[in-house]
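Q: Take a look at the following structure, please.
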Amino acid sequence: MEIVFLLEQVLNGLLIGAYYLLIALGLSLIFSLGGIVNLAHGAFYAIGAYLAVALAPHIGFGGAFVAAPVLVAILGLLIERFLLRRFYRADPILSLLLTFGLAMVAEQTLRMVFGAPPLPFSIPPMFRGQVIIGEFIFSQYRLMILAVAVLCVAGLWFLLQRTHFGRVVRAGVQNPDMVGALGISLRPYMSAVVAIAVGLAALAGVMLAPVIGVHPAMGAEILTFAFVVVVIGGLGSFWGVVLAALIVGVVRGIAAFYFPPATEASVYLLMLLVLLLRPRGLFGERIAKFE
Amino acid sequence: MTPLPRITRRAGLLGAAALLAAPAISYGQSEALRIGHLTPRTGFLGPLGEFAVQAAQLAADEINAAGGINGRKLEMLFEDSVNPQTASAKAERYIQRDKVACIVGEINSASALAIGQVVQRERALFINTGANSDALRGSDCRRMMFHIEGQNSMYVKAVGRALVEKGLIKGKKTYALTADYAFGHDLLHVAKRFLAQNGGSVANEDLIPTDLTDFSPFLLKLRQARPDVVVANLAGAQITNFLKQYTEYGLRFPVAGFGFDTALAWGAGSGNFLGTWPTMWHHRLENAAAKKFTADFRARFGRPPENQAWGDYNAVKIIAQSMNELKSVDAVQVMQHLEKGAKFNVLKDRESYFRASDHQIMTEMYAITAMPPAEQKDRFDIFTSSAGIPGAGEPLEAIASTPDEASCTFPS
């Protein structure tokens, strides 16, 4: 029987991995291309969640689902244009400080505008309920999140691997100078990448708002996990991040099953182990500019 | 109809100058008296800290409107206590640099312990408004520390009575989810003792990290274990996340909590609040003082006050009332005054006092039960309440820890 329970935790962990994925993919993209450790990434996730709460009463959950990521992507574009752009070639510590500051400003702004206590928000009625298969139980809403995450991952993969846009971005990650020498400016690509990345974070925020407390520090909560996923997966590796997110979800589930106090700590142990064995992460590529 | 008096430009200028000068004049008469407020405003307890700050400010404004403390203006200082190390450093700075008359606040039991050590060393007064751990009133008690927040024993015994009446304790096996830090460990210990005394038992127990947001692994475990009752010894944002996800997974086991804050249930969203929980106070109480506090708080901050607001509001009021009665701001004199059992109206039917043996407030508590979603009128009125516990005929000490359970010997 125990094996069935364990399997249930593993499946559930895969599902949880999908949330981390939406945040981690964007984080990885911005770092790979721009060399920016975006500590404000969690803030965009939080803003997405707050927009969902604010917009849903007027345009419904479906409306917020579309509008919030778009609005946050526009915010991302502005921040990229006026702030991040100055730091692509600078010492990474500077952009680290900048995005750390942005994260604090965002969190405190949410606290001042919406208050510190969590805002009430529930799963839309059409997604409420559970799917029960034998011993296994799944929340319908989480299955919906999984489906959206899979679509996003597939879409992003197609964009990066099968389009002209993706070829330039991948070339820019490996060798920005060569891309420049070929007469291609990376600027518009970088803007687009930031918009997509923060839009995905906001989308994750919208989707998690019904199941996780919507409060100002929610961005900081998820950001550490997203970083761990990126580090385990390896920089520049799309599938590395995907795999890492799923592994992190599963390890967490197994830890919760056998030794609950280590539920969150298990993930950091995993990171330590991966870094000891593979310092560039599971599928990390050698990227000259970061060596 | 009398014409309105014409205000000349010169009169207006004079008036404005007089208004601007007014604070300077009152400060000139005597220096303001300071109370240092220190509580978590960020992190997993941050959601509650905001209520604490607003309520303390409201209390101070009312005190000043009524003439201040011994004729001096009361000035509140506010700080985020963050964690035990920072709380300790900020408490020290409050006392040494800002010369505060008293420190009020805290929610985290570990931080309250750190502040308790500082005030004992510095001979300053500290009223704990939100840390529940019995150890703070037992092995770690301090002469200069008072507790307007209930101790874990009170929470457990208050809601425990309601649970015994509902038949959820005797012969039942419970699954306990416990916040993995000082408060939770202490609460689990007290809860187990209560269950054992009343014929119940803890069949499963999991310690939940304070930064955990996704409860799904534990909800799966709950479903497999099929307990008779789920007991939540959780804290802060954990409670909101637990409520939301418990409903999401459609689990039907009765839920009870031994630790609770109303704001976290308000934040869960419609249809997500369920179970029976203990509280020191809530905004639906009918006595006149409670109604006035609720109305004033609501008018100013746009939402009703909850249990945390109650604690900080009353702590500031108790300090002011004591100092006015004593005509002194001396910390040791105030401490002795409270130890002698001075009575206070803390917005309840019965007056309350601090027990001399461990400085715990003796006061009524309430067990609240979630209303069915269809009966909830707005996002705040989502529960019904028991009458005060203990009942009118019983001593207030009936729900507090006994000397066997937690004994305090004040260090000199």
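Naming scheme: A, B, ... for chains in displayed order of the structure tokens; residues 1 onward per chain; ligands 1 onward as shown.
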Fewer than 3 positions away in the same chain doesn't count, so skip those; otherwise give me all residues within 9 Å of Gly388 of chain B, counting only C-alpha atoms, as a list in words.

A: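 Non-adjacent residues within range: Lys348, Asp349, Arg350, Glu364, Met365, Tyr366, Ala367, Ser385, Gly391 and Ala392 of chain B.
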
Q: Go ahead and write the selection's residues with all heavy atoms as a short mmCIF file (atom, residue, chain, number, x, y, z; two decimals), in the first residue's frame.

A:
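Written out: selection-v6.cif:
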data_model
loop_
_atom_site.label_atom_id
_atom_site.label_comp_id
_atom_site.auth_asym_id
_atom_site.auth_seq_id
_atom_site.Cartn_x
_atom_site.Cartn_y
_atom_site.Cartn_z
N LYS B 348 -14.80 43.27 26.57
CA LYS B 348 -15.54 42.02 26.77
C LYS B 348 -16.54 42.23 27.89
O LYS B 348 -16.52 43.24 28.57
CB LYS B 348 -14.57 40.90 27.14
CG LYS B 348 -13.51 40.64 26.08
CD LYS B 348 -12.62 39.48 26.48
CE LYS B 348 -11.51 39.31 25.45
NZ LYS B 348 -10.67 38.16 25.68
N ASP B 349 -17.38 41.23 28.11
CA ASP B 349 -18.39 41.35 29.15
C ASP B 349 -17.77 41.38 30.54
O ASP B 349 -18.27 42.06 31.43
CB ASP B 349 -19.38 40.18 29.06
CG ASP B 349 -20.29 40.32 27.84
OD1 ASP B 349 -20.44 41.47 27.36
OD2 ASP B 349 -20.82 39.31 27.36
N ARG B 350 -16.70 40.62 30.72
CA ARG B 350 -16.06 40.59 32.05
C ARG B 350 -14.75 41.35 32.02
O ARG B 350 -14.03 41.32 31.04
CB ARG B 350 -15.77 39.13 32.45
CG ARG B 350 -17.02 38.34 32.76
CD ARG B 350 -16.70 36.87 32.83
NE ARG B 350 -16.15 36.48 34.14
CZ ARG B 350 -15.94 35.19 34.47
NH1 ARG B 350 -16.20 34.21 33.61
NH2 ARG B 350 -15.45 34.89 35.64
N GLU B 364 -11.84 36.21 29.08
CA GLU B 364 -12.70 35.28 28.35
C GLU B 364 -12.13 35.00 26.96
O GLU B 364 -11.50 35.86 26.36
CB GLU B 364 -14.07 35.92 28.11
CG GLU B 364 -14.94 36.04 29.31
CD GLU B 364 -16.27 36.72 28.95
OE1 GLU B 364 -16.32 37.45 27.95
OE2 GLU B 364 -17.23 36.52 29.69
N MET B 365 -12.37 33.82 26.48
CA MET B 365 -12.06 33.52 25.07
C MET B 365 -13.34 33.06 24.37
O MET B 365 -14.39 32.95 25.00
CB MET B 365 -10.97 32.45 24.99
CG MET B 365 -9.61 32.98 25.38
SD MET B 365 -8.28 31.81 25.08
CE MET B 365 -8.26 31.75 23.29
N TYR B 366 -13.23 32.78 23.09
CA TYR B 366 -14.41 32.38 22.31
C TYR B 366 -14.03 31.28 21.33
O TYR B 366 -12.91 31.27 20.82
CB TYR B 366 -14.97 33.58 21.53
CG TYR B 366 -15.15 34.78 22.42
CD1 TYR B 366 -14.09 35.68 22.60
CD2 TYR B 366 -16.32 34.99 23.14
CE1 TYR B 366 -14.21 36.75 23.47
CE2 TYR B 366 -16.45 36.06 24.01
CZ TYR B 366 -15.39 36.95 24.17
OH TYR B 366 -15.50 37.99 25.04
N ALA B 367 -14.93 30.35 21.10
CA ALA B 367 -14.72 29.37 20.04
C ALA B 367 -15.60 29.79 18.88
O ALA B 367 -16.82 29.99 19.05
CB ALA B 367 -15.12 27.98 20.52
N SER B 385 -20.14 32.55 16.97
CA SER B 385 -19.28 32.49 18.15
C SER B 385 -19.98 31.81 19.31
O SER B 385 -21.20 31.90 19.46
CB SER B 385 -18.90 33.91 18.55
OG SER B 385 -18.24 33.90 19.79
N GLY B 391 -17.43 30.22 31.29
CA GLY B 391 -18.75 30.82 31.48
C GLY B 391 -18.80 31.77 32.66
O GLY B 391 -17.88 31.82 33.48
N ALA B 392 -19.91 32.52 32.76
CA ALA B 392 -20.03 33.59 33.75
C ALA B 392 -19.82 33.09 35.18
O ALA B 392 -19.30 33.81 36.03
CB ALA B 392 -21.38 34.26 33.60
#

Q: Would you mind listing what lies within 12 Å of Tyr249 of chain B as a list of chain:residue names, with only C-alpha atoms counted and same-chain residues fewer than 6 positions away left out?

A: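 The neighbour list is A:Ile123, A:Phe127, A:Arg128, A:Gly129, A:Gln130, A:Val131, A:Ile132, A:Phe136, A:Ile137, A:Phe138, A:Ser139, A:Gln140, A:Tyr141, A:Arg142, A:Val211, B:Phe215, B:Ser216, B:Pro217, B:Phe218, B:Leu219, B:Leu220, B:Lys221, B:Leu222, B:Arg223, B:Phe242, B:Leu243, B:Asn272.
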
Q: Using only C-alpha atoms, which of A:Ala192, A:Leu96, A:Leu273, A:Leu203 sits nearest Gly166 of chain A?

A: A:Ala192

Q: Need the shell around Gln336 of chain B: protein/DNA/RNA residues with any atom at most 12 Å away, counting only C-alpha atoms. Skip same-chain ones fewer than 3 positions apart. Format as a short mmCIF file (atom, residue, chain, number, x, y, z; two decimals) with N, CA, C and O atoms, in the first residue's frame?

A:
data_model
loop_
_atom_site.label_atom_id
_atom_site.label_comp_id
_atom_site.auth_asym_id
_atom_site.auth_seq_id
_atom_site.Cartn_x
_atom_site.Cartn_y
_atom_site.Cartn_z
N LEU B 125 9.56 47.70 30.51
CA LEU B 125 8.32 46.92 30.51
C LEU B 125 8.02 46.43 29.09
O LEU B 125 8.25 47.15 28.13
N ARG B 143 10.00 38.85 34.77
CA ARG B 143 9.27 39.77 35.65
C ARG B 143 8.73 40.98 34.90
O ARG B 143 7.66 41.50 35.22
N MET B 144 9.47 41.47 33.90
CA MET B 144 9.06 42.70 33.22
C MET B 144 8.19 42.43 31.99
O MET B 144 7.89 43.34 31.24
N MET B 145 7.82 41.18 31.77
CA MET B 145 7.05 40.82 30.57
C MET B 145 5.63 40.39 30.95
O MET B 145 5.46 39.53 31.81
N PHE B 146 4.63 41.03 30.32
CA PHE B 146 3.22 40.67 30.53
C PHE B 146 2.63 40.18 29.22
O PHE B 146 3.11 40.54 28.15
N SER B 322 -2.87 52.62 33.37
CA SER B 322 -2.08 52.35 34.58
C SER B 322 -1.21 53.54 34.95
O SER B 322 -1.14 53.94 36.11
N MET B 323 -0.54 54.12 33.95
CA MET B 323 0.34 55.25 34.23
C MET B 323 -0.45 56.45 34.72
O MET B 323 -0.01 57.19 35.61
N LEU B 326 -1.48 55.72 38.33
CA LEU B 326 -0.32 55.77 39.23
C LEU B 326 0.30 57.16 39.29
O LEU B 326 1.11 57.45 40.16
N ASP B 330 7.02 55.11 35.74
CA ASP B 330 8.09 54.20 36.14
C ASP B 330 7.71 52.73 35.84
O ASP B 330 6.66 52.25 36.25
N ALA B 331 8.61 52.05 35.12
CA ALA B 331 8.30 50.69 34.66
C ALA B 331 8.05 49.73 35.82
O ALA B 331 7.13 48.91 35.78
N VAL B 332 8.85 49.83 36.86
CA VAL B 332 8.71 48.90 37.99
C VAL B 332 7.39 49.15 38.72
O VAL B 332 6.69 48.21 39.10
N GLN B 333 7.01 50.42 38.87
CA GLN B 333 5.74 50.73 39.52
C GLN B 333 4.56 50.19 38.72
O GLN B 333 3.60 49.64 39.27
N GLU B 339 0.75 43.53 38.65
CA GLU B 339 0.87 42.31 39.46
C GLU B 339 -0.16 42.26 40.58
O GLU B 339 -0.58 41.19 40.99
N LYS B 340 -0.56 43.44 41.06
CA LYS B 340 -1.53 43.47 42.16
C LYS B 340 -2.93 43.14 41.68
O LYS B 340 -3.89 43.14 42.46
N GLY B 341 -3.09 42.94 40.37
CA GLY B 341 -4.39 42.50 39.87
C GLY B 341 -5.31 43.62 39.44
O GLY B 341 -6.55 43.48 39.53
N ALA B 342 -4.73 44.74 38.99
CA ALA B 342 -5.56 45.84 38.50
C ALA B 342 -6.51 45.31 37.43
O ALA B 342 -6.13 44.49 36.60
N PHE B 354 -4.17 40.69 35.03
CA PHE B 354 -2.99 39.85 34.81
C PHE B 354 -2.76 39.00 36.06
O PHE B 354 -2.76 39.52 37.18
N ARG B 355 -2.52 37.69 35.84
CA ARG B 355 -2.27 36.78 36.94
C ARG B 355 -0.87 37.06 37.47
O ARG B 355 0.09 37.14 36.69
N ALA B 356 -0.74 37.20 38.79
CA ALA B 356 0.56 37.57 39.37
C ALA B 356 1.61 36.49 39.16
O ALA B 356 2.79 36.77 38.97
N HIS B 359 2.03 36.49 34.96
CA HIS B 359 1.77 37.70 34.17
C HIS B 359 0.91 37.44 32.92
O HIS B 359 0.94 38.21 31.98
#

Q: Quick check: residues of chain A within 6 Å of chain B, only C-alpha atoms, returned as a list in words.

A: Ala116, Pro117, Pro118, Leu119, Pro120, Phe121, Ser122, Ser139, Val211, Ile212, Gly213, Gly253, Pro260 and Pro261 of chain A

Q: Just to be explicit: take each residue in the selection above, keep N, CA and C atoms, and write the result as a compact mmCIF listing (two decimals), in the first residue's frame.

A:
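Wrote again.txt, looks like this:
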# COMPACT_ATOMS: atom_id res chain seq x y z
N ALA A 116 -1.41 44.32 4.11
CA ALA A 116 -0.56 43.15 4.34
C ALA A 116 -1.32 41.82 4.43
N PRO A 117 -2.55 41.80 4.97
CA PRO A 117 -3.25 40.51 5.08
C PRO A 117 -3.57 39.93 3.71
N PRO A 118 -3.70 38.61 3.62
CA PRO A 118 -4.01 38.00 2.34
C PRO A 118 -5.37 38.46 1.81
N LEU A 119 -5.48 38.60 0.50
CA LEU A 119 -6.76 38.97 -0.11
C LEU A 119 -7.52 37.69 -0.46
N PRO A 120 -8.83 37.68 -0.20
CA PRO A 120 -9.60 36.47 -0.48
C PRO A 120 -9.74 36.25 -1.98
N PHE A 121 -9.57 35.01 -2.41
CA PHE A 121 -9.76 34.67 -3.81
C PHE A 121 -9.98 33.17 -3.89
N SER A 122 -10.96 32.75 -4.66
CA SER A 122 -11.30 31.32 -4.70
C SER A 122 -11.22 30.77 -6.12
N SER A 139 -6.84 17.46 -7.96
CA SER A 139 -7.72 18.61 -7.99
C SER A 139 -7.93 19.00 -9.45
N VAL A 211 -5.34 29.19 -5.14
CA VAL A 211 -4.97 28.10 -4.23
C VAL A 211 -3.91 28.49 -3.20
N ILE A 212 -3.26 29.63 -3.41
CA ILE A 212 -2.23 30.05 -2.46
C ILE A 212 -2.57 31.46 -1.99
N GLY A 213 -2.30 31.76 -0.73
CA GLY A 213 -2.63 33.05 -0.16
C GLY A 213 -2.05 34.19 -1.00
N GLY A 253 7.73 16.10 -2.65
CA GLY A 253 6.64 15.20 -2.28
C GLY A 253 7.14 14.01 -1.46
N PRO A 260 8.44 15.18 7.05
CA PRO A 260 7.81 16.47 6.74
C PRO A 260 8.65 17.71 7.07
N PRO A 261 9.37 17.77 8.21
CA PRO A 261 10.07 19.03 8.49
C PRO A 261 11.06 19.40 7.39

Q: Distance atom CA of His41 of chain A-atom CA of Pro124 of chain A, one decimal place?

A: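 If I compute the distance from atom CA of His41 of chain A to atom CA of Pro124 of chain A, I get 26.0 Å.
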
Q: Fewer than 4 positions away in the same chain doesn't count, so skip those; otherwise give me all residues within 10 Å of Thr224 of chain A, counting only C-alpha atoms, as a PyMOL selection string.

A: chain A and resi 24+39+42+219-220+228-230+268

Q: Limited to N, CA and C atoms, could you put the picked residues into a file as a PDB file, in the first residue's frame?

A:
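So the final result, stored in result.pdb, reads:
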ATOM      1  N   ALA A  24      10.499  29.519 -13.421  1.00  0.00           N
ATOM      2  CA  ALA A  24      11.913  29.241 -13.622  1.00  0.00           C
ATOM      3  C   ALA A  24      12.338  29.439 -15.077  1.00  0.00           C
ATOM      4  N   LEU A  39      16.144  39.236  -9.599  1.00  0.00           N
ATOM      5  CA  LEU A  39      15.531  38.992  -8.289  1.00  0.00           C
ATOM      6  C   LEU A  39      14.117  39.569  -8.211  1.00  0.00           C
ATOM      7  N   GLY A  42       9.973  37.228  -8.959  1.00  0.00           N
ATOM      8  CA  GLY A  42       8.880  36.861  -8.070  1.00  0.00           C
ATOM      9  C   GLY A  42       7.871  37.990  -7.923  1.00  0.00           C
ATOM     10  N   GLY A 219       5.754  36.728  -3.760  1.00  0.00           N
ATOM     11  CA  GLY A 219       6.785  36.679  -4.795  1.00  0.00           C
ATOM     12  C   GLY A 219       8.100  36.171  -4.250  1.00  0.00           C
ATOM     13  N   ALA A 220       8.470  36.664  -3.085  1.00  0.00           N
ATOM     14  CA  ALA A 220       9.725  36.237  -2.466  1.00  0.00           C
ATOM     15  C   ALA A 220       9.664  34.749  -2.132  1.00  0.00           C
ATOM     16  N   VAL A 228      16.396  27.779  -7.427  1.00  0.00           N
ATOM     17  CA  VAL A 228      16.923  26.435  -7.204  1.00  0.00           C
ATOM     18  C   VAL A 228      16.697  25.582  -8.457  1.00  0.00           C
ATOM     19  N   VAL A 229      15.512  25.712  -9.046  1.00  0.00           N
ATOM     20  CA  VAL A 229      15.200  24.947 -10.253  1.00  0.00           C
ATOM     21  C   VAL A 229      16.164  25.316 -11.380  1.00  0.00           C
ATOM     22  N   VAL A 230      16.408  26.613 -11.559  1.00  0.00           N
ATOM     23  CA  VAL A 230      17.296  27.053 -12.632  1.00  0.00           C
ATOM     24  C   VAL A 230      18.708  26.531 -12.397  1.00  0.00           C
ATOM     25  N   TYR A 268      16.890  22.105  -1.287  1.00  0.00           N
ATOM     26  CA  TYR A 268      18.220  22.734  -1.220  1.00  0.00           C
ATOM     27  C   TYR A 268      19.298  21.662  -1.137  1.00  0.00           C
TER      28      TYR A 268
END

Q: In Å to one decimal, how far is atom CA of His37 of chain B from atom CA of His337 of chain B?

A: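 Taking atom CA of His337 of chain B as the start and atom CA of His37 of chain B as the end point, the length is 21.4 Å.
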
Q: Find the residues around segment 156-160 of chain A up to 10 Å (only C-alpha atoms counted), leave out those fewer than 6 positions away in its own chain, and share them as a ChimeraX atom specification.

A: /A:25-26,150,166-170,196-197,238-239

Q: Just the number, please: distance in Å from atom CA of Ala147 of chain A to atom CA of Ala73 of chain A, one decimal.

A: 21.4 Å

Q: Hey, what's within 9 Å of Pro305 of chain B if we count only C-alpha atoms and toss same-chain stuff fewer than 2 positions away? As an mmCIF file with C-alpha atoms, in the first residue's frame, please?

A:
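Final output, saved to part24.cif:
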data_model
loop_
_atom_site.group_PDB
_atom_site.id
_atom_site.type_symbol
_atom_site.label_atom_id
_atom_site.label_comp_id
_atom_site.auth_asym_id
_atom_site.auth_seq_id
_atom_site.Cartn_x
_atom_site.Cartn_y
_atom_site.Cartn_z
ATOM 1 C CA PHE B 51 -3.555 45.055 12.207
ATOM 2 C CA ALA B 55 -4.752 49.305 16.356
ATOM 3 C CA ALA B 263 -7.434 37.823 9.280
ATOM 4 C CA HIS B 282 -13.686 39.017 17.449
ATOM 5 C CA HIS B 283 -15.528 41.910 15.851
ATOM 6 C CA PHE B 293 -13.849 49.841 18.793
ATOM 7 C CA THR B 294 -15.085 47.920 15.755
ATOM 8 C CA ALA B 295 -16.908 50.936 14.357
ATOM 9 C CA PHE B 297 -11.431 50.899 13.468
ATOM 10 C CA ARG B 298 -13.639 50.181 10.487
ATOM 11 C CA PHE B 301 -9.029 51.544 8.143
ATOM 12 C CA ARG B 303 -12.097 46.808 7.572
ATOM 13 C CA ASN B 307 -7.892 39.450 17.459
ATOM 14 C CA GLN B 308 -4.430 40.885 16.796
ATOM 15 C CA ALA B 309 -5.788 44.433 16.616
ATOM 16 C CA TRP B 310 -7.607 43.752 19.895
#

Q: Counting only C-alpha atoms, what is within 8 Å of segment 57-65 of chain A, bar same-chain residues fewer than 2 positions away, as a CSV table (one decimal) with N, CA and C atoms, in the first residue's frame?

A:
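Generated output (around-v3.csv):
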chain,number,residue,atom,x,y,z
A,51,LEU,N,-3.3,41.3,-9.7
A,51,LEU,CA,-4.1,41.8,-10.8
A,51,LEU,C,-5.3,40.9,-11.0
A,52,ALA,N,-5.1,39.6,-10.8
A,52,ALA,CA,-6.2,38.6,-11.0
A,52,ALA,C,-7.3,38.9,-9.9
A,53,VAL,N,-6.9,39.2,-8.7
A,53,VAL,CA,-7.9,39.5,-7.6
A,53,VAL,C,-8.6,40.8,-8.0
A,54,ALA,N,-7.8,41.8,-8.5
A,54,ALA,CA,-8.4,43.1,-8.7
A,54,ALA,C,-9.3,43.1,-10.0
A,55,LEU,N,-8.9,42.3,-11.0
A,55,LEU,CA,-9.6,42.3,-12.3
A,55,LEU,C,-10.8,41.3,-12.3
A,67,ALA,N,-5.7,39.2,-19.4
A,67,ALA,CA,-5.3,40.6,-19.2
A,67,ALA,C,-4.1,40.7,-18.3
A,68,ALA,N,-4.0,40.0,-17.2
A,68,ALA,CA,-3.0,40.2,-16.2
A,68,ALA,C,-1.6,39.9,-16.8
A,69,PRO,N,-1.4,38.8,-17.5
A,69,PRO,CA,0.0,38.6,-18.1
A,69,PRO,C,0.3,39.6,-19.1
A,124,PRO,N,-12.4,29.4,-9.5
A,124,PRO,CA,-13.7,29.7,-10.2
A,124,PRO,C,-14.6,28.4,-10.2
A,203,LEU,N,1.4,35.0,-15.4
A,203,LEU,CA,0.4,33.9,-15.7
A,203,LEU,C,0.4,32.9,-14.5
A,206,VAL,N,-1.5,34.5,-11.6
A,206,VAL,CA,-3.0,34.4,-11.8
A,206,VAL,C,-3.5,33.0,-11.5
A,207,MET,N,-2.7,32.0,-12.0
A,207,MET,CA,-3.2,30.6,-11.8
A,207,MET,C,-3.1,30.1,-10.4

Q: Between A:Ala265, A:Leu102, A:Ile23, A:Leu33, which is the closest to Phe290 of chain A once you count only C-alpha atoms?

A: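 Using only C-alpha atoms, the shortest distance to Phe290 of chain A belongs to A:Leu33.
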
Q: Ranking A:Ala255, A:Leu98, A:Val72, A:Ile16 by minimum distance to Gly199 of chain A and counting only C-alpha atoms, which one comes first?

A: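 Answer, going by the shortest atom-to-atom distance: A:Val72.
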
Q: Go through segment 185-226 of chain B and collect every residue that DSSP, computed from the backbone, puts in helix (DSSP H, G or I); the answer should be as an MDAnalysis selection string.

A: chainID B and resid 185:197 216:225

Q: Write the residues of the preceding selection, restricted to C-alpha atoms, as a PDB file, in the first residue's frame.

A:
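Here's the written file again_37.pdb:
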ATOM      1  CA  HIS B 185       6.085  22.730  19.139  1.00  0.00           C
ATOM      2  CA  ASP B 186       4.732  24.252  22.327  1.00  0.00           C
ATOM      3  CA  LEU B 187       1.151  24.120  21.042  1.00  0.00           C
ATOM      4  CA  LEU B 188       1.449  20.483  19.967  1.00  0.00           C
ATOM      5  CA  HIS B 189       2.722  19.573  23.412  1.00  0.00           C
ATOM      6  CA  VAL B 190      -0.203  21.333  25.100  1.00  0.00           C
ATOM      7  CA  ALA B 191      -2.713  19.929  22.614  1.00  0.00           C
ATOM      8  CA  LYS B 192      -1.550  16.359  23.179  1.00  0.00           C
ATOM      9  CA  ARG B 193      -1.921  16.764  26.918  1.00  0.00           C
ATOM     10  CA  PHE B 194      -5.459  18.070  26.494  1.00  0.00           C
ATOM     11  CA  LEU B 195      -6.440  15.268  24.124  1.00  0.00           C
ATOM     12  CA  ALA B 196      -5.012  12.626  26.470  1.00  0.00           C
ATOM     13  CA  GLN B 197      -6.920  14.090  29.422  1.00  0.00           C
ATOM     14  CA  SER B 216      -0.948  19.088  -1.310  1.00  0.00           C
ATOM     15  CA  PRO B 217       1.527  16.398  -0.130  1.00  0.00           C
ATOM     16  CA  PHE B 218      -0.027  16.618   3.343  1.00  0.00           C
ATOM     17  CA  LEU B 219      -3.576  16.658   2.030  1.00  0.00           C
ATOM     18  CA  LEU B 220      -2.816  13.371   0.286  1.00  0.00           C
ATOM     19  CA  LYS B 221      -1.461  11.963   3.533  1.00  0.00           C
ATOM     20  CA  LEU B 222      -4.558  13.151   5.384  1.00  0.00           C
ATOM     21  CA  ARG B 223      -6.808  11.448   2.886  1.00  0.00           C
ATOM     22  CA  GLN B 224      -4.926   8.185   3.279  1.00  0.00           C
ATOM     23  CA  ALA B 225      -4.884   8.319   7.072  1.00  0.00           C
TER      24      ALA B 225
END

Q: Go through B:Val255, B:Val316, B:Ala91, B:Ile382 and flag the residue nearest Leu58 of chain B, using only C-alpha atoms for the distances.

A: B:Val316
